[in-house]
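Below is one structure, written out as structure tokens; the observations come after it.
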Amino acid sequence: MSDRLRQAFARQGEVTATLGSPFMARLMPLIGARLTDATAVGARCLAWEGDVSAAGQSVPLRLAGALHGLVIDGSDPGLIAAYPPNDVADDALWSAVDAAFQTHEERIMAWLDRPPQTNEVRRATAIIAGIWWALGHVGPHPVTLSELGASAGLNLSLDRFALSMGRGLHGDVGSKVRLMPEWDRPFCEPVPFEVTDRAGVDLTPLDPHDPEDRLRLLAYLWPDQPERLARTRAAIELADTSVEAGDAAPWLTRRLAQPWTGLHTVYSTIAAQYFPEATRASIAASLQAAGQAATQGAPLLHLAMEADDDTPGAGLVATLWVGGAPMQRHLARIDFHGAWIDWRDEAFPHPRFPLPKS
């Protein structure tokens with residue numbers, strides 16, 4: 001297993017380099033190369049069973065989050081001195097990491113027990129743009145939000161964010177949460193909307209106002225990306241919707257059984273791939289059934305910003321029901337963290353339900 005773990009750290013470094021974190025691109029392969037079983041933390045990681053990669057149990061990111069948490073809350077002066085904005089040589093960085101394994105063994109071991117959990121606010125770009133697209137087809141409507149895999153529910157406040165398409169701000173232009181992706185033409189047409197109902201579900205939701213949960217949200221952001229930290233802190237200030245704990249499938253079935261007003265938007269952002277096959281199948285069935293009952297006055301929209309077989313980034317797929325057969329579009333490709341968006345609004349050659357099969 002040790003070889004696969006070291007490969008996972010190396011691969012994670014490559015991925016973080018493409019996502020704009022030079023520090024993580026250096027830290028991940030450094031840990032992978034120098035980790036030994038001389039500490040309890042190292043021994044546990046090296047002996048980890050199963051898929052340790054980001055597609056499985058994400059051991060490198062679990063460990064990275066544990067270390068960053070020690071920096072954010074000021075628990076480890078040695079790590080603080082070695083982490084951004086400071087810049088130290090590899091030997092000094094590894095020495096600080098290795099010392100933290102020993103000094104904070106119990107806490108790091110506890111963090112390794114849980115998978116990484118983020119609530120990337122810039123992914124709201126995809127959902128806001130998808131809602132604009134749908135309202136352009138069905139006309140002005142109030143909006144109901146139902147988020148699957150909502151984490152701490154930060155993106156349930158998306159109507160309180162400001163979004164730029166490179167030509168001014170839209171939404172709540174006075175918001176402290178400003179989404180400013182790289183977005184060149186073509187643009188979609190902004191449509192003002194009001195959210196009248198919002199709710200979310202997650203297997204292990206976080207409470208952004210609980211100090212421990214808030215630390216977890218921040219720790220899985222990357223240390224050399226202070227703008228992501230600032231944006232997440234600003235979104236935490238806006239968050240006022242508790243996320244329900246549970247499986248997304250029965251939750252959505254209950255949610256769709258309730259009458260709604262206006263455009264009901266069901267969405268996920270880099271979450272559906274983690275749902276069990278039975279959950280994905282049930283979600284698809286619930287949406288199809290509710291979509292058949294949708295009307296011009298109460299349309300149903302499903303937005304999936306998820307990894308697919310294409311590159312770069314993730315695909316943004318919209319399925320809109322207003323009664324009868326749905327309209328399905330590949331709206332965009334978008335950076336996994338929402339840093340850029342390539343707007344396309346293309347028809348699928350073979351329409352399908354956009355939940356990954358594996």
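Letters for chains follow the order of the structure tokens (A, B, ...), residue numbers begin at 1 for each chain, and ligand numbers begin at 1 in the order shown.
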
>> Could you list, as a ChimeraX atom specification, every residue within 10 Å of Ala92 in chain A, counting only C-alpha atoms and ignoring same-chain residues fewer than 6 positions away?
In response: /A:78-79,81-82,98

> Asp247 in chain A: which residues within 8 Å, counting only C-alpha atoms, same-chain residues fewer than 6 positions away excluded, as number ranges by chain?
Replying inline: A: 201-203, 279

Just write the chosen residues, N, CA, C and O atoms, as a PDB file, in the first residue's frame.
```pdb
ATOM      1  N   VAL A 201     -29.434  18.983   1.869  1.00  0.00           N
ATOM      2  CA  VAL A 201     -29.238  17.716   2.562  1.00  0.00           C
ATOM      3  C   VAL A 201     -27.796  17.270   2.364  1.00  0.00           C
ATOM      4  O   VAL A 201     -27.180  17.539   1.325  1.00  0.00           O
ATOM      5  N   ASP A 202     -27.252  16.597   3.359  1.00  0.00           N
ATOM      6  CA  ASP A 202     -25.898  16.056   3.276  1.00  0.00           C
ATOM      7  C   ASP A 202     -25.809  14.900   4.269  1.00  0.00           C
ATOM      8  O   ASP A 202     -26.441  14.939   5.329  1.00  0.00           O
ATOM      9  N   LEU A 203     -25.020  13.884   3.929  1.00  0.00           N
ATOM     10  CA  LEU A 203     -24.868  12.766   4.867  1.00  0.00           C
ATOM     11  C   LEU A 203     -24.263  13.222   6.183  1.00  0.00           C
ATOM     12  O   LEU A 203     -24.667  12.770   7.258  1.00  0.00           O
ATOM     13  N   THR A 279     -28.748   5.560  -4.705  1.00  0.00           N
ATOM     14  CA  THR A 279     -29.154   6.943  -4.454  1.00  0.00           C
ATOM     15  C   THR A 279     -29.289   7.700  -5.762  1.00  0.00           C
ATOM     16  O   THR A 279     -30.274   8.427  -5.988  1.00  0.00           O
TER      17      THR A 279
END
```

> Smallest atom-to-atom distance to Cys45 in chain A: which of A:Gly69, A:Gly136, A:Gly32, A:Gly291, using only C-alpha atoms?
Replying inline: A:Gly32

> What residues in range 146-270 of chain A get the DSSP label strand (DSSP E or B)? Please answer as a VMD selection string.
Replying inline: chain A and resid 146 to 148 162 to 164 169 to 171 178 to 179 182 195 to 202 244 to 245 263 to 269

> Which neighbours of Asp184 in chain A fall inside 8 Å, counting only C-alpha atoms, when residues of the same chain fewer than 3 positions from it are skipped, and could you give them as a list in words?
Replying inline: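 Residues meeting the cut-off are Met165, Gly166, Phe187 and Asp342 of chain A.
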
> Can you tell me, as a VMD selection string, what residues are no more than 8 Å from range 113-122 of chain A when counting only C-alpha atoms, ignoring any on the same chain fewer than 3 positions away?
Replying inline: chain A and resid 57 to 59 61 to 62 65 109 to 110 125 150 to 155 179 181 216 to 218 220 to 221 231 to 232 235 337 to 339

>> If we count only C-alpha atoms and set the cut-off at 10 Å, which residues sit around Glu237 in chain A, ignoring sequence neighbours fewer than 6 positions away in its own chain? Please answer as number ranges by chain.
In response: A: 154, 176-177, 208-209

>> Using DSSP secondary structure from the backbone, list all helix (DSSP H, G or I) positions within range 115-185 of chain A, as a ChimeraX atom specification.
In response: /A:121-138,154-160

Residues within 12 Å of Arg123 in chain A, only C-alpha atoms, excluding chain neighbours under 6 positions, as a compact mmCIF listing (two decimals) with N, CA and C atoms, in the first residue's frame:
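Result file result.txt:
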```
# COMPACT_ATOMS: atom_id res chain seq x y z
N ALA A 129 -25.80 30.92 -12.91
CA ALA A 129 -25.91 31.01 -14.36
C ALA A 129 -26.97 30.05 -14.90
N GLY A 130 -27.08 28.86 -14.31
CA GLY A 130 -28.10 27.92 -14.74
C GLY A 130 -29.51 28.42 -14.46
N ALA A 150 -25.03 19.25 0.27
CA ALA A 150 -24.91 20.69 0.51
C ALA A 150 -23.81 21.07 1.48
N LEU A 154 -23.46 26.72 2.45
CA LEU A 154 -23.05 28.09 2.11
C LEU A 154 -23.64 28.54 0.78
N ASN A 155 -23.75 27.63 -0.20
CA ASN A 155 -24.25 28.02 -1.51
C ASN A 155 -25.77 28.10 -1.58
N LEU A 156 -26.44 27.78 -0.49
CA LEU A 156 -27.88 28.04 -0.43
C LEU A 156 -28.16 29.53 -0.30
N LEU A 158 -26.87 31.71 -2.42
CA LEU A 158 -26.32 32.22 -3.67
C LEU A 158 -27.01 33.49 -4.19
N PHE A 161 -25.12 36.61 -3.22
CA PHE A 161 -23.78 36.78 -3.76
C PHE A 161 -23.84 37.75 -4.95
N LEU A 163 -22.14 38.33 -8.76
CA LEU A 163 -21.45 37.57 -9.81
C LEU A 163 -21.12 38.48 -10.97
N ARG A 178 -18.10 38.02 -3.58
CA ARG A 178 -18.05 38.40 -4.99
C ARG A 178 -17.44 37.25 -5.80
N LEU A 179 -18.20 36.76 -6.74
CA LEU A 179 -17.76 35.69 -7.62
C LEU A 179 -17.31 36.34 -8.92
N MET A 180 -16.03 36.24 -9.22
CA MET A 180 -15.48 36.92 -10.39
C MET A 180 -14.67 35.93 -11.23
N PRO A 181 -15.34 34.95 -11.82
CA PRO A 181 -14.64 33.96 -12.64
C PRO A 181 -14.10 34.57 -13.93
N ARG A 228 -9.69 32.53 -1.27
CA ARG A 228 -10.71 31.51 -1.02
C ARG A 228 -11.10 31.50 0.45
N ARG A 231 -13.28 34.57 1.05
CA ARG A 231 -14.61 34.40 0.44
C ARG A 231 -15.47 33.44 1.27
N THR A 232 -14.85 32.37 1.75
CA THR A 232 -15.60 31.40 2.56
C THR A 232 -16.02 32.02 3.88
N TYR A 267 -30.10 20.94 -7.30
CA TYR A 267 -28.75 21.02 -7.86
C TYR A 267 -27.72 20.32 -6.98
N SER A 268 -26.59 20.00 -7.61
CA SER A 268 -25.43 19.47 -6.91
C SER A 268 -24.18 20.01 -7.58
N THR A 269 -23.12 20.18 -6.81
CA THR A 269 -21.85 20.65 -7.34
C THR A 269 -20.74 19.73 -6.82
N ILE A 270 -20.18 18.92 -7.70
CA ILE A 270 -19.12 17.95 -7.37
C ILE A 270 -19.53 17.14 -6.14
N ALA A 271 -20.71 16.56 -6.21
CA ALA A 271 -21.25 15.77 -5.09
C ALA A 271 -21.84 14.46 -5.56
N LEU A 303 -29.84 21.05 -12.06
CA LEU A 303 -28.52 21.49 -12.47
C LEU A 303 -27.48 20.59 -11.85
N ALA A 304 -26.59 20.05 -12.67
CA ALA A 304 -25.52 19.18 -12.19
C ALA A 304 -24.19 19.72 -12.66
N MET A 305 -23.42 20.25 -11.72
CA MET A 305 -22.03 20.62 -12.00
C MET A 305 -21.18 19.48 -11.48
N GLU A 306 -20.80 18.56 -12.37
CA GLU A 306 -20.15 17.32 -11.95
C GLU A 306 -19.02 16.93 -12.90
N GLY A 313 -11.98 20.78 -16.53
CA GLY A 313 -12.97 21.08 -15.52
C GLY A 313 -14.14 20.12 -15.48
N ALA A 314 -15.25 20.62 -14.96
CA ALA A 314 -16.49 19.84 -14.82
C ALA A 314 -17.50 20.31 -15.85
N GLY A 315 -18.48 19.45 -16.11
CA GLY A 315 -19.58 19.83 -16.98
C GLY A 315 -20.73 20.43 -16.18
N LEU A 316 -21.43 21.37 -16.76
CA LEU A 316 -22.66 21.91 -16.18
C LEU A 316 -23.81 21.53 -17.08
N ARG A 333 -18.61 24.39 -19.42
CA ARG A 333 -17.56 23.73 -18.67
C ARG A 333 -17.07 24.75 -17.66
N ILE A 334 -16.75 24.24 -16.48
CA ILE A 334 -16.39 25.15 -15.40
C ILE A 334 -15.28 24.55 -14.55
N ASP A 335 -14.36 25.39 -14.14
CA ASP A 335 -13.28 24.98 -13.26
C ASP A 335 -13.86 24.33 -12.01
N PHE A 336 -13.19 23.30 -11.48
CA PHE A 336 -13.71 22.58 -10.32
C PHE A 336 -13.92 23.50 -9.12
N HIS A 337 -13.14 24.57 -9.02
CA HIS A 337 -13.32 25.54 -7.94
C HIS A 337 -14.03 26.81 -8.42
N GLY A 338 -14.53 26.80 -9.65
CA GLY A 338 -15.29 27.95 -10.14
C GLY A 338 -14.44 29.13 -10.57
N ALA A 339 -13.14 28.92 -10.82
CA ALA A 339 -12.26 30.04 -11.18
C ALA A 339 -12.51 30.54 -12.60
N TRP A 340 -13.03 29.69 -13.48
CA TRP A 340 -13.36 30.10 -14.84
C TRP A 340 -14.60 29.34 -15.31
N ILE A 341 -15.26 29.92 -16.30
CA ILE A 341 -16.41 29.26 -16.90
C ILE A 341 -16.39 29.47 -18.40
```

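In terms of minimum interatomic distance to Ser157 in chain A, A:Asp240 ranks closest within A:Asp210, A:Glu194, A:Asp240, A:Glu105, counting only C-alpha atoms.
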
>> Could you list, as a ChimeraX atom specification, every residue within 8 Å of Pro29 in chain A, counting only C-alpha atoms and ignoring same-chain residues fewer than 4 positions away?
In response: /A:6,9-13,25,33

>> Considering only C-alpha atoms, can you say which of A:Tyr274, A:Trp343, A:Trp251, A:Tyr83 comes closest to Val71 in chain A?
In response: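 Checking each candidate against Val71 in chain A, we get A:Tyr83 as the closest.
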
>> Counting only C-alpha atoms, which residue out of A:Leu148, A:Ala66, A:Leu263, A:Ala8 sits closest to Val97 in chain A?
In response: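 Of A:Leu148, A:Ala66, A:Leu263, A:Ala8, the one nearest Val97 in chain A, counting only C-alpha atoms, is A:Ala66.
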
>> Could you check the closest approach to Gly171 in chain A for each of A:Ala245, A:Leu206, A:Val317, A:Val195 and tell me which residue wins, using only C-alpha atoms?
In response: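 For Gly171 in chain A, the nearest of the candidates is A:Val195.
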
> Hey, which of A:Pro299, A:Gly323, A:Pro211, A:Gly42 ends up closest to Pro140 in chain A? Count only C-alpha atoms.
Replying inline: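 Of all the options, A:Pro299 lies closest to Pro140 in chain A.
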